[in-house]
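Data from start-v2.txt: compact mmCIF, C-alpha atoms
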```
# COMPACT_ATOMS: atom_id res chain seq x y z
CA MET G 1 0.00 0.00 0.00
CA ASP G 2 2.81 2.37 0.95
CA LEU G 3 4.40 1.59 -2.37
CA ILE G 4 1.31 2.63 -4.28
CA ILE G 5 1.02 5.87 -2.33
CA LEU G 6 4.69 6.58 -2.87
CA SER G 7 4.43 5.97 -6.58
CA LEU G 8 1.22 7.94 -6.96
CA PRO G 9 2.91 11.07 -8.37
CA LEU G 10 4.68 8.95 -10.99
CA PHE G 11 1.45 7.21 -11.91
CA MET G 12 -0.28 10.57 -12.26
CA LYS G 13 2.39 11.78 -14.62
CA GLY G 14 2.08 8.58 -16.65
CA LEU G 15 -1.69 8.80 -16.70
CA HIS G 16 -1.47 12.40 -17.81
CA ASN G 17 0.66 11.48 -20.82
CA THR G 18 -1.47 8.43 -21.63
CA LEU G 19 -4.63 10.52 -21.67
CA LEU G 20 -2.95 13.33 -23.60
CA MET G 21 -1.69 10.95 -26.28
CA SER G 22 -5.00 9.09 -26.43
CA LEU G 23 -6.86 12.34 -26.97
CA GLY G 24 -4.42 13.64 -29.58
CA ALA G 25 -4.28 10.35 -31.45
CA THR G 26 -8.07 10.03 -31.39
CA VAL G 27 -8.48 13.49 -32.91
CA ILE G 28 -5.92 12.74 -35.65
CA ALA G 29 -7.41 9.30 -36.32
CA THR G 30 -10.93 10.72 -36.52
CA VAL G 31 -10.09 13.55 -38.91
CA LEU G 32 -7.94 11.37 -41.16
CA GLY G 33 -10.45 8.53 -40.93
CA VAL G 34 -13.26 10.76 -42.19
CA VAL G 35 -11.07 12.05 -45.03
CA PHE G 36 -10.02 8.52 -46.04
CA ALA G 37 -13.60 7.25 -45.90
CA LEU G 38 -14.87 10.13 -48.03
CA ILE G 39 -12.11 9.60 -50.59
CA GLN G 40 -12.85 5.88 -50.69
CA ILE G 41 -16.49 6.57 -51.42
CA PHE G 42 -16.43 9.73 -53.53
CA GLY G 43 -12.85 10.20 -54.67
CA ASN G 44 -11.70 9.76 -58.22
CA ILE G 45 -9.92 6.59 -59.19
CA PHE G 46 -6.43 7.95 -58.60
CA PHE G 47 -6.99 9.18 -55.05
CA ARG G 48 -9.08 6.15 -54.24
CA ALA G 49 -6.30 3.80 -55.30
CA LEU G 50 -3.79 5.85 -53.34
CA VAL G 51 -5.84 5.71 -50.13
CA GLU G 52 -6.66 2.05 -50.70
CA ILE G 53 -2.98 1.14 -51.01
CA PHE G 54 -2.02 3.28 -48.05
CA LEU G 55 -4.67 1.70 -45.83
CA TYR G 56 -3.72 -1.79 -46.97
CA LEU G 57 -0.09 -1.19 -46.07
CA ILE G 58 -0.91 0.37 -42.71
CA ARG G 59 -3.20 -2.52 -41.80
CA GLY G 60 -0.46 -5.03 -42.48
CA ILE G 61 2.21 -3.44 -40.30
CA PRO G 62 2.33 -3.74 -36.50
CA LEU G 63 1.96 -0.43 -34.66
CA LEU G 64 5.17 -1.19 -32.78
CA VAL G 65 7.11 -1.36 -36.06
CA LEU G 66 5.70 2.00 -37.15
CA LEU G 67 6.69 3.51 -33.81
CA PHE G 68 10.23 2.15 -34.08
CA THR G 69 10.50 3.41 -37.64
CA MET G 70 9.40 6.88 -36.58
CA TYR G 71 11.72 6.85 -33.58
CA TYR G 72 14.82 5.76 -35.48
CA ALA G 73 13.99 7.94 -38.44
CA LEU G 74 13.86 11.01 -36.23
CA LEU G 75 17.00 9.96 -34.42
CA TYR G 76 18.85 9.25 -37.61
CA MET G 77 17.82 12.34 -39.50
CA GLY G 78 18.49 14.46 -36.45
CA PHE G 79 15.08 16.08 -36.27
CA ARG G 80 14.36 17.54 -32.91
CA ILE G 81 10.76 16.49 -32.57
CA ASP G 82 9.39 15.48 -29.21
CA PRO G 83 8.90 11.68 -29.36
CA LEU G 84 5.63 12.26 -27.53
CA VAL G 85 4.36 14.28 -30.47
CA GLY G 86 5.82 11.83 -32.98
CA GLY G 87 4.27 8.89 -31.16
CA THR G 88 0.88 10.57 -31.04
CA VAL G 89 0.97 11.28 -34.77
CA VAL G 90 2.01 7.71 -35.63
CA ILE G 91 -0.70 6.21 -33.43
CA GLY G 92 -3.20 8.63 -34.96
CA ILE G 93 -2.27 7.61 -38.50
CA TYR G 94 -2.29 3.92 -37.64
CA PHE G 95 -5.78 4.03 -36.13
CA ALA G 96 -7.04 6.29 -38.92
CA ALA G 97 -6.99 3.10 -41.00
CA PHE G 98 -9.44 1.51 -38.55
CA MET G 99 -11.51 4.68 -38.27
CA ALA G 100 -11.78 4.88 -42.06
CA GLU G 101 -13.36 1.44 -42.05
CA VAL G 102 -15.81 2.47 -39.32
CA PHE G 103 -16.87 5.63 -41.16
CA ARG G 104 -17.01 3.99 -44.56
CA GLY G 105 -19.12 1.15 -43.20
CA GLY G 106 -21.40 3.66 -41.48
CA LEU G 107 -21.92 5.79 -44.57
CA LEU G 108 -22.50 2.78 -46.80
CA SER G 109 -24.89 1.18 -44.32
CA VAL G 110 -27.47 3.86 -45.01
CA ALA G 111 -30.04 2.46 -47.42
CA ARG G 112 -29.64 3.35 -51.09
CA GLY G 113 -33.15 4.70 -51.11
CA GLN G 114 -32.11 7.49 -48.73
CA TRP G 115 -29.45 8.66 -51.20
CA GLU G 116 -31.85 8.46 -54.08
CA ALA G 117 -34.48 10.33 -52.10
CA GLY G 118 -31.97 13.08 -51.42
CA TYR G 119 -31.04 13.38 -55.09
CA ALA G 120 -34.69 13.30 -56.05
CA LEU G 121 -35.25 16.29 -53.77
CA GLY G 122 -32.69 18.13 -55.86
CA LEU G 123 -29.78 18.05 -53.42
CA ARG G 124 -26.20 17.66 -54.58
CA THR G 125 -23.99 14.91 -53.18
CA LYS G 126 -22.66 17.26 -50.52
CA GLY G 127 -26.15 18.17 -49.42
CA VAL G 128 -27.30 14.57 -49.36
CA VAL G 129 -24.34 13.52 -47.22
CA LEU G 130 -24.60 16.44 -44.81
CA ASN G 131 -28.37 16.63 -44.45
CA ILE G 132 -29.56 13.07 -44.84
CA ILE G 133 -26.88 10.44 -44.64
CA THR G 134 -24.74 11.70 -41.76
CA TYR G 135 -27.49 11.53 -39.14
CA GLN G 136 -28.39 7.99 -40.04
CA ALA G 137 -24.77 6.91 -40.36
CA LEU G 138 -23.98 8.26 -36.88
CA LYS G 139 -26.37 5.70 -35.42
CA VAL G 140 -24.30 2.91 -36.92
CA ILE G 141 -20.95 4.57 -36.25
CA GLY G 142 -21.40 5.34 -32.52
CA ALA G 143 -20.49 2.01 -30.96
CA PRO G 144 -17.67 0.87 -33.29
CA TYR G 145 -16.20 4.38 -33.05
CA VAL G 146 -15.91 4.16 -29.28
CA ASN G 147 -14.47 0.66 -29.62
CA THR G 148 -11.76 2.05 -31.88
CA VAL G 149 -11.04 4.76 -29.31
CA ILE G 150 -10.49 1.95 -26.79
CA MET G 151 -7.95 0.46 -29.20
CA VAL G 152 -6.24 3.85 -29.39
CA VAL G 153 -5.97 4.09 -25.59
CA LYS G 154 -4.50 0.59 -25.43
CA GLY G 155 -2.24 1.39 -28.38
CA THR G 156 -0.62 4.29 -26.54
CA SER G 157 0.90 1.73 -24.15
CA LEU G 158 3.36 0.77 -26.89
CA VAL G 159 5.17 4.10 -26.82
CA ALA G 160 6.66 2.90 -23.53
CA VAL G 161 9.28 1.14 -25.66
CA ILE G 162 10.51 4.38 -27.17
CA GLY G 163 10.93 5.88 -23.74
CA ILE G 164 7.91 8.09 -23.31
CA THR G 165 6.79 8.38 -19.71
CA GLU G 166 3.26 7.09 -19.97
CA LEU G 167 1.49 4.59 -17.71
CA THR G 168 3.16 1.39 -18.92
CA PHE G 169 6.61 2.99 -18.93
CA VAL G 170 6.09 4.31 -15.41
CA GLY G 171 4.95 0.87 -14.32
CA ARG G 172 8.12 -0.70 -15.69
CA GLN G 173 10.33 1.89 -14.05
CA ILE G 174 8.76 1.28 -10.67
CA VAL G 175 8.99 -2.49 -11.09
CA GLU G 176 12.68 -2.26 -11.92
CA ARG G 177 13.27 -0.47 -8.64
CA THR G 178 10.88 -2.31 -6.36
CA LEU G 179 10.57 -5.81 -7.87
CA GLU G 180 6.83 -5.86 -7.30
CA PRO G 181 5.55 -6.73 -10.78
CA PHE G 182 2.19 -8.19 -9.74
CA LEU G 183 1.19 -5.22 -7.64
CA ILE G 184 2.44 -2.50 -9.97
CA PHE G 185 1.34 -4.01 -13.28
CA GLY G 186 -1.90 -4.95 -11.57
CA VAL G 187 -2.44 -1.27 -10.77
CA VAL G 188 -1.43 -0.24 -14.31
CA ALA G 189 -3.81 -2.80 -15.81
CA GLY G 190 -6.50 -1.62 -13.42
CA ILE G 191 -6.16 1.98 -14.57
CA TYR G 192 -6.44 0.93 -18.24
CA VAL G 193 -9.44 -1.25 -17.42
CA VAL G 194 -11.17 1.67 -15.69
CA ILE G 195 -10.60 3.97 -18.68
CA CYS G 196 -11.44 1.42 -21.36
CA TYR G 197 -14.33 -0.23 -19.55
CA SER G 198 -15.97 3.15 -19.02
CA LEU G 199 -15.60 3.76 -22.74
CA SER G 200 -17.08 0.36 -23.55
CA LEU G 201 -20.04 1.11 -21.29
CA LEU G 202 -20.45 4.31 -23.29
CA ALA G 203 -20.35 2.24 -26.50
CA ARG G 204 -23.02 -0.06 -25.14
CA TYR G 205 -25.13 2.91 -24.06
CA LEU G 206 -24.82 4.52 -27.48
CA GLU G 207 -25.76 1.26 -29.13
CA ARG G 208 -28.88 1.00 -27.00
CA LYS G 209 -29.83 4.66 -27.12
CA ILE G 210 -29.23 5.74 -30.69
CA GLY G 211 -28.22 2.54 -32.48
CA TYR G 212 -30.51 0.70 -34.83
CA VAL G 213 -32.51 -1.95 -33.08
CA ASN G 214 -32.69 -5.14 -35.07
CA MET E 215 16.04 -10.81 -39.68
CA LEU E 216 15.01 -14.00 -41.47
CA GLU E 217 15.92 -15.98 -38.37
CA GLY E 218 13.45 -13.77 -36.57
CA LEU E 219 10.86 -14.54 -39.23
CA THR E 220 10.72 -18.21 -38.20
CA VAL E 221 10.15 -17.19 -34.58
CA THR E 222 7.43 -14.74 -35.66
CA LEU E 223 5.74 -17.38 -37.79
CA LEU E 224 5.95 -20.06 -35.10
CA LEU E 225 4.59 -17.71 -32.46
CA SER E 226 1.81 -16.53 -34.76
CA ILE E 227 0.70 -20.05 -35.68
CA LEU E 228 0.75 -21.30 -32.09
CA ALA E 229 -0.98 -18.17 -30.80
CA ILE E 230 -3.73 -18.39 -33.44
CA LEU E 231 -4.35 -22.10 -32.84
CA PHE E 232 -4.35 -21.91 -29.04
CA SER E 233 -6.46 -18.74 -29.03
CA GLY E 234 -9.03 -20.51 -31.17
CA VAL E 235 -9.21 -23.38 -28.70
CA TRP E 236 -9.09 -21.16 -25.61
CA GLY E 237 -11.90 -19.09 -27.09
CA VAL E 238 -14.12 -22.19 -27.15
CA LEU E 239 -13.41 -22.87 -23.47
CA VAL E 240 -14.09 -19.24 -22.54
CA LEU E 241 -17.36 -19.35 -24.48
CA LEU E 242 -18.35 -22.56 -22.66
CA ALA E 243 -17.59 -20.85 -19.35
CA LEU E 244 -19.71 -17.85 -20.36
CA ARG E 245 -22.63 -20.19 -21.03
CA ALA E 246 -22.19 -22.39 -17.94
CA ASN E 247 -23.60 -21.82 -14.45
CA GLN E 248 -23.79 -18.48 -12.67
CA LEU E 249 -20.35 -18.65 -11.04
CA PHE E 250 -18.52 -19.50 -14.25
CA ARG E 251 -20.48 -16.86 -16.09
CA VAL E 252 -19.52 -14.09 -13.68
CA VAL E 253 -15.87 -15.13 -13.56
CA GLY E 254 -15.80 -15.51 -17.34
CA ARG E 255 -17.37 -12.09 -17.87
CA ILE E 256 -14.83 -10.42 -15.56
CA TYR E 257 -12.02 -12.28 -17.30
CA VAL E 258 -13.18 -11.19 -20.75
CA GLU E 259 -13.58 -7.55 -19.74
CA ILE E 260 -10.17 -7.39 -18.08
CA MET E 261 -8.48 -8.98 -21.08
CA ARG E 262 -10.22 -6.79 -23.62
CA ASN E 263 -9.52 -3.58 -21.73
CA THR E 264 -5.86 -4.09 -20.87
CA PRO E 265 -3.06 -3.43 -23.37
CA ILE E 266 -1.33 -6.64 -24.43
CA ILE E 267 2.06 -5.21 -23.44
CA VAL E 268 0.90 -4.80 -19.83
CA ILE E 269 -0.33 -8.40 -19.77
CA MET E 270 3.04 -9.52 -21.13
CA PHE E 271 4.98 -7.53 -18.53
CA PHE E 272 2.71 -8.85 -15.79
CA ILE E 273 3.30 -12.47 -16.76
CA PHE E 274 6.96 -12.17 -17.79
CA PHE E 275 8.27 -10.16 -14.85
CA GLY E 276 5.77 -11.76 -12.48
CA SER E 277 6.90 -15.27 -13.28
CA GLY E 278 10.47 -14.21 -12.58
CA ILE E 279 9.55 -12.99 -9.11
CA LEU E 280 7.62 -16.16 -8.39
CA GLY E 281 10.85 -18.07 -8.89
CA ALA E 282 9.66 -19.87 -12.00
CA PRO E 283 10.86 -17.57 -14.74
CA MET E 284 9.14 -18.17 -18.06
CA THR E 285 10.96 -17.70 -21.32
CA GLY E 286 9.91 -14.60 -23.19
CA PHE E 287 8.43 -16.82 -25.87
CA ALA E 288 6.24 -18.73 -23.41
CA ALA E 289 5.14 -15.57 -21.60
CA GLY E 290 4.39 -13.85 -24.92
CA LEU E 291 2.44 -16.82 -26.23
CA LEU E 292 0.46 -17.10 -23.00
CA SER E 293 -0.40 -13.37 -23.07
CA LEU E 294 -1.47 -13.49 -26.71
CA VAL E 295 -3.67 -16.53 -26.08
CA LEU E 296 -5.21 -15.09 -22.90
CA GLN E 297 -6.16 -11.82 -24.59
CA ASN E 298 -7.17 -13.09 -28.00
CA GLY E 299 -9.06 -16.04 -26.51
CA ALA E 300 -11.33 -13.46 -24.89
CA TYR E 301 -11.85 -11.65 -28.19
CA ILE E 302 -12.42 -14.88 -30.07
CA ALA E 303 -14.96 -16.12 -27.51
CA GLU E 304 -16.96 -12.98 -28.31
CA ILE E 305 -16.64 -13.70 -32.04
CA TYR E 306 -17.94 -17.24 -31.54
CA ARG E 307 -20.81 -15.90 -29.45
CA GLY E 308 -21.69 -13.40 -32.15
CA GLY E 309 -21.57 -16.14 -34.77
CA ILE E 310 -23.94 -18.39 -32.84
CA GLN E 311 -26.30 -15.55 -32.02
CA GLY E 312 -26.22 -14.54 -35.67
CA VAL E 313 -27.91 -17.77 -36.68
CA SER E 314 -31.63 -17.17 -36.87
CA LYS E 315 -33.65 -18.56 -33.94
CA ARG E 316 -35.96 -20.20 -36.46
CA GLN E 317 -33.20 -22.53 -37.51
CA PHE E 318 -33.14 -23.86 -33.97
CA GLU E 319 -36.91 -24.08 -33.84
CA ALA E 320 -36.95 -25.88 -37.18
CA GLY E 321 -34.47 -28.42 -35.87
CA MET E 322 -36.55 -29.02 -32.77
CA ALA E 323 -39.68 -29.35 -34.87
CA LEU E 324 -37.97 -32.03 -36.94
CA GLY E 325 -37.51 -34.02 -33.76
CA PHE E 326 -33.81 -33.38 -33.11
CA LEU E 327 -32.68 -33.09 -29.51
CA PRO E 328 -31.47 -29.61 -28.47
CA ARG E 329 -27.88 -30.86 -28.51
CA GLN E 330 -28.28 -32.40 -31.96
CA THR E 331 -29.99 -29.27 -33.25
CA PHE E 332 -27.10 -27.16 -32.04
CA LEU E 333 -24.38 -29.42 -33.42
CA LEU E 334 -25.98 -30.35 -36.74
CA ILE E 335 -27.92 -27.24 -37.67
CA VAL E 336 -26.82 -24.13 -35.77
CA LEU E 337 -23.09 -24.77 -35.43
CA PRO E 338 -22.30 -25.34 -39.15
CA GLN E 339 -24.00 -22.05 -39.99
CA ALA E 340 -22.25 -20.26 -37.14
CA ILE E 341 -18.87 -21.51 -38.34
CA ARG E 342 -19.55 -20.00 -41.76
CA LYS E 343 -20.29 -16.67 -40.13
CA VAL E 344 -17.17 -16.48 -37.99
CA ILE E 345 -14.60 -17.12 -40.74
CA ALA E 346 -14.25 -13.46 -41.71
CA PRO E 347 -14.02 -11.97 -38.19
CA LEU E 348 -11.64 -14.75 -37.14
CA GLY E 349 -9.45 -13.82 -40.10
CA THR E 350 -9.36 -10.20 -38.92
CA GLN E 351 -8.44 -11.34 -35.42
CA GLY E 352 -5.73 -13.58 -36.88
CA VAL E 353 -4.11 -10.58 -38.57
CA MET E 354 -4.25 -8.75 -35.23
CA ILE E 355 -2.48 -11.68 -33.56
CA ILE E 356 0.24 -11.76 -36.21
CA LYS E 357 0.83 -8.04 -35.75
CA ASP E 358 0.75 -8.31 -31.96
CA THR E 359 3.54 -10.89 -32.01
CA ALA E 360 5.85 -7.93 -32.68
CA ILE E 361 5.27 -6.81 -29.10
CA VAL E 362 7.10 -9.82 -27.65
CA ALA E 363 10.23 -8.02 -28.82
CA THR E 364 9.81 -5.93 -25.67
CA ILE E 365 10.32 -9.01 -23.48
CA SER E 366 13.43 -9.89 -25.47
CA VAL E 367 12.18 -12.64 -27.74
CA ALA E 368 14.44 -12.70 -30.79
CA GLU E 369 11.67 -12.40 -33.37
CA MET E 370 11.63 -10.16 -36.45
CA THR E 371 11.11 -6.79 -34.81
CA PHE E 372 13.70 -7.54 -32.14
CA GLN E 373 16.27 -8.55 -34.74
CA ALA E 374 15.52 -5.49 -36.83
CA ARG E 375 16.13 -3.27 -33.83
CA LEU E 376 19.43 -4.97 -33.10
CA LEU E 377 20.46 -4.41 -36.71
CA ALA E 378 19.30 -0.81 -36.59
CA ASP E 379 21.40 -0.19 -33.50
CA ARG E 380 24.44 -1.68 -35.16
CA THR E 381 24.28 -0.34 -38.68
CA ALA E 382 23.43 2.94 -40.30
CA ALA E 383 20.94 1.51 -42.77
CA VAL E 384 18.02 2.23 -40.50
CA PHE E 385 15.44 2.97 -43.19
CA GLU E 386 16.27 -0.05 -45.28
CA ILE E 387 15.95 -2.30 -42.26
CA PHE E 388 12.60 -1.00 -41.12
CA ILE E 389 11.16 -0.89 -44.62
CA ALA E 390 12.23 -4.52 -45.07
CA LEU E 391 10.70 -5.37 -41.70
CA ALA E 392 7.41 -3.68 -42.57
CA GLY E 393 7.49 -5.44 -45.94
CA LEU E 394 7.91 -8.83 -44.30
CA TYR E 395 4.91 -8.20 -42.06
CA ILE E 396 2.84 -7.09 -45.02
CA ILE E 397 3.80 -10.26 -46.91
CA VAL E 398 2.96 -12.51 -43.96
CA THR E 399 -0.39 -10.84 -43.27
CA SER E 400 -1.22 -10.79 -47.00
CA ILE E 401 -0.62 -14.52 -47.32
CA PHE E 402 -2.75 -15.10 -44.25
CA ASN E 403 -5.49 -12.86 -45.65
CA LEU E 404 -5.37 -14.73 -48.93
CA GLY E 405 -5.86 -18.02 -47.09
CA VAL E 406 -8.80 -16.58 -45.19
CA ARG E 407 -10.30 -15.27 -48.44
CA VAL E 408 -10.06 -18.73 -50.02
CA LEU E 409 -11.74 -20.33 -46.99
CA GLU E 410 -14.38 -17.64 -47.06
CA ARG E 411 -15.14 -18.16 -50.70
CA LYS E 412 -15.38 -21.89 -50.21
CA TYR E 413 -17.26 -22.11 -46.91
CA GLY E 414 -18.16 -18.56 -46.02
CA TYR E 415 -21.59 -17.13 -45.47
CA LYS E 416 -23.25 -15.84 -48.59
CA ASN E 417 -26.20 -13.55 -48.48
```

Rewrite the coordinates I just gave you, this time as structure tokens.
Amino acid sequence: MDLIILSLPLFMKGLHNTLLMSLGATVIATVLGVVFALIQIFGNIFFRALVEIFLYLIRGIPLLVLLFTMYYALLYMGFRIDPLVGGTVVIGIYFAAFMAEVFRGGLLSVARGQWEAGYALGLRTKGVVLNIITYQALKVIGAPYVNTVIMVVKGTSLVAVIGITELTFVGRQIVERTLEPFLIFGVVAGIYVVICYSLSLLARYLERKIGYVN
Amino acid sequence: MLEGLTVTLLLSILAILFSGVWGVLVLLALRANQLFRVVGRIYVEIMRNTPIIVIMFFIFFGSGILGAPMTGFAAGLLSLVLQNGAYIAEIYRGGIQGVSKRQFEAGMALGFLPRQTFLLIVLPQAIRKVIAPLGTQGVMIIKDTAIVATISVAEMTFQARLLADRTAAVFEIFIALAGLYIIVTSIFNLGVRVLERKYGYKN
């Protein structure tokens, strides 16, 4: 117990960075995900192929490898970018590939008739998407979106290996000094579970409240 | 790095197979009596909401303290199976729930016992439905094997890092590494696609 109280400040610092990176990466992943999804649906053949290839490559590479690549690339080229920022961007790009799938699936899940109805009313594609499709797509997107955010939060744990002081890194540091792996990693896991489980409750709530009921 | 490839492949194959089996056991626990159900539910939620790297550290460093140190490979495999078994149990559950209730009723009406109805009518349809999501999970497992590099298993990513520390050809090494992962996951995806086309669920 004493140990946990003693290490509380360190944990807080780790939690701070974990939350900061999760938030930043989620924002990047969301924005890029929307852009990718829109290009996949509406883009011309060239851009579509480009995005398609990019997403395929990203989906086949482990996040850890991308993080290492970024880390060594920065080191090697001598850029002075904060690894925390670099890590956040890489995680954001990686999960944008998952977000793109969520948004694309959501937009395409809206019945064809809704699109046609929009066009029949004289709206352009932009108007149809903004006024008709988006609201209905959001119902489908809600739950899988939150699930992807959970993946982002868990994904930030990997930056521990490039020396960023987030939760997992802090946990390892404390374990190296105290040799109490069960207690410390138990606490670390507990913190992640609290964050992610709350999010998954939110996902379930969204699914019940606004999701389509089959 | 190619030496590491064999370790990555071996770990991936074992992790995928054991996760598939462990997922069945977890699903059975989730459908058993109250006690098992509660324990199973807690287990699944903890596994799904904890980063795999934390689970690995917990098991790897924990086993050392207990006086029975596991090899990194064993600890990594165990972590992968524990987490992905939980995910896969949910996939199985979804697959079974995805089969229309009427199929079950039809089986009962034909005079099959509940057990026979499940095995002969519901299960084959459920298996068709889970091929695609299992394939996605398999790719996740293959990619997650990279994380065992952090508990010093000499697989691909670990080897690449060693090379990167020793040589100056950092970009070449990591591009090759990424390429190898893309090749491995592509071959796996191709296999899944073939299975899907042959046995998968068609609307």

Item to check | chain G contacts on chain E, all atoms listed in the file, 7 Å, as number ranges by chain | outcome: E: 260, 263-265, 268, 272, 275-276, 357-358, 360-361, 371, 384, 388, 392, 395-396, 399

Checklist entry - Between G:Ile91, G:Leu8, G:Ala97, G:Ala111, which is the closest to Ser22 in chain G once you count all atoms listed in the file? => result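 Nearest candidate to Ser22 in chain G out of G:Ile91, G:Leu8, G:Ala97, G:Ala111: G:Ile91.
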
Next on the checklist: So the first atom is CA of Leu223 in chain E and the second is CA of Lys412 in chain E; what is the distance between them in Å, to one decimal place?
Outcome noted: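 CA of Leu223 in chain E sits 24.9 Å away from CA of Lys412 in chain E.
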
Item to check | Closest of E:Leu348, E:Ile310, E:Leu249, E:Leu291 to Ser226 in chain E - atom-to-atom distances counting all atoms listed in the file | outcome: E:Leu291

Checklist entry - Around (-4.8, -15.4, -21.8) in the file's own coordinates, what residues are found within 10 Å if you use all atoms listed in the file, given back as a PyMOL selection string? => result chain E and resi 232-233+236-237+257-258+261+266+269-270+273+289-300

Checklist entry - Which distance in Å separates CA of Val34 in chain G and CA of Val102 in chain G, to one decimal? => result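 It comes out at 9.1 Å.
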
Next on the checklist: Under the rule that only C-alpha atoms are counted, which of E:Leu225, E:Val344, E:Val253, E:Val406 is the nearest residue to Glu304 in chain E?
Outcome noted: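 Between E:Leu225, E:Val344, E:Val253, E:Val406, the residue approaching Glu304 in chain E most closely is E:Val344.
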
Exercise on range 371-382 of chain E, axis-aligned box with 6 Å per side, report centre and edge lengths in Å to one decimal, as lines of an AutoDock Vina configuration file:
```
center_x = 17.8
center_y = -2.8
center_z = -36.2
size_x = 25.3
size_y = 23.5
size_z = 20.2
```

Checklist entry - Which neighbours of Arg307 in chain E fall inside 9 Å, counting only C-alpha atoms, when residues of the same chain fewer than 5 positions from it are skipped, and could you give them as a ChimeraX atom specification? => result /E:241,302,312,340

Quick one: write out the picked residues with C-alpha atoms as a PDB file, in the frame of the given file?
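To be explicit, this is the file written out as again10.pdb:
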```pdb
ATOM      1  CA  LEU E 241     -17.360 -19.350 -24.480  1.00  0.00           C
ATOM      2  CA  ILE E 302     -12.420 -14.880 -30.070  1.00  0.00           C
ATOM      3  CA  GLY E 312     -26.220 -14.540 -35.670  1.00  0.00           C
ATOM      4  CA  ALA E 340     -22.250 -20.260 -37.140  1.00  0.00           C
TER       5      ALA E 340
END
```

Checklist entry - Which is closest to Ile267 in chain E among G:Val159, G:Tyr205, G:Gly78, G:Ile39, if we use all atoms listed in the file? => result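 Checking each candidate against Ile267 in chain E, we get G:Val159 as the closest.
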
Checklist outcome for this item: note - CA of Gln339 in chain E and CA of Lys315 in chain E are separated by 11.9 Å

Checklist entry - Smallest atom-to-atom distance to Val31 in chain G: which of G:Ile174, G:Met99, G:Tyr135, G:Ile164, using all atoms listed in the file? => result G:Met99

Next on the checklist: Ranking G:Val90, G:Ala100, G:Leu74, G:Val85 by minimum distance to Ile41 in chain G and counting all atoms listed in the file, which one comes first?
Outcome noted: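 Comparing G:Val90, G:Ala100, G:Leu74, G:Val85 against Ile41 in chain G, the winner is G:Ala100.
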
What would range 306-319 of chain E look like with N, CA and C atoms restored, written as a short mmCIF file (atom, residue, chain, number, x, y, z; two decimals), in the coordinates of the input?
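What ended up in out-v5.cif:
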```
data_model
loop_
_atom_site.label_atom_id
_atom_site.label_comp_id
_atom_site.auth_asym_id
_atom_site.auth_seq_id
_atom_site.Cartn_x
_atom_site.Cartn_y
_atom_site.Cartn_z
N TYR E 306 -17.14 -16.02 -31.47
CA TYR E 306 -17.94 -17.24 -31.54
C TYR E 306 -19.37 -16.96 -31.10
N ARG E 307 -19.49 -16.20 -29.99
CA ARG E 307 -20.81 -15.90 -29.45
C ARG E 307 -21.64 -15.16 -30.48
N GLY E 308 -20.99 -14.16 -31.12
CA GLY E 308 -21.69 -13.40 -32.15
C GLY E 308 -22.14 -14.30 -33.29
N GLY E 309 -21.26 -15.23 -33.67
CA GLY E 309 -21.57 -16.14 -34.77
C GLY E 309 -22.78 -17.00 -34.45
N ILE E 310 -22.82 -17.52 -33.22
CA ILE E 310 -23.94 -18.39 -32.84
C ILE E 310 -25.22 -17.58 -32.73
N GLN E 311 -25.11 -16.38 -32.15
CA GLN E 311 -26.30 -15.55 -32.02
C GLN E 311 -26.79 -15.05 -33.38
N GLY E 312 -25.85 -15.01 -34.35
CA GLY E 312 -26.22 -14.54 -35.67
C GLY E 312 -27.07 -15.53 -36.45
N VAL E 313 -27.07 -16.78 -35.99
CA VAL E 313 -27.91 -17.77 -36.68
C VAL E 313 -29.35 -17.56 -36.21
N SER E 314 -30.24 -17.48 -37.18
CA SER E 314 -31.63 -17.17 -36.87
C SER E 314 -32.22 -18.19 -35.89
N LYS E 315 -33.01 -17.70 -34.95
CA LYS E 315 -33.65 -18.56 -33.94
C LYS E 315 -34.51 -19.63 -34.62
N ARG E 316 -35.03 -19.27 -35.78
CA ARG E 316 -35.96 -20.20 -36.46
C ARG E 316 -35.26 -21.46 -36.89
N GLN E 317 -33.95 -21.34 -37.15
CA GLN E 317 -33.20 -22.53 -37.51
C GLN E 317 -33.25 -23.53 -36.37
N PHE E 318 -33.09 -23.00 -35.15
CA PHE E 318 -33.14 -23.86 -33.97
C PHE E 318 -34.53 -24.46 -33.82
N GLU E 319 -35.54 -23.61 -33.98
CA GLU E 319 -36.91 -24.08 -33.84
C GLU E 319 -37.23 -25.15 -34.89
#
```
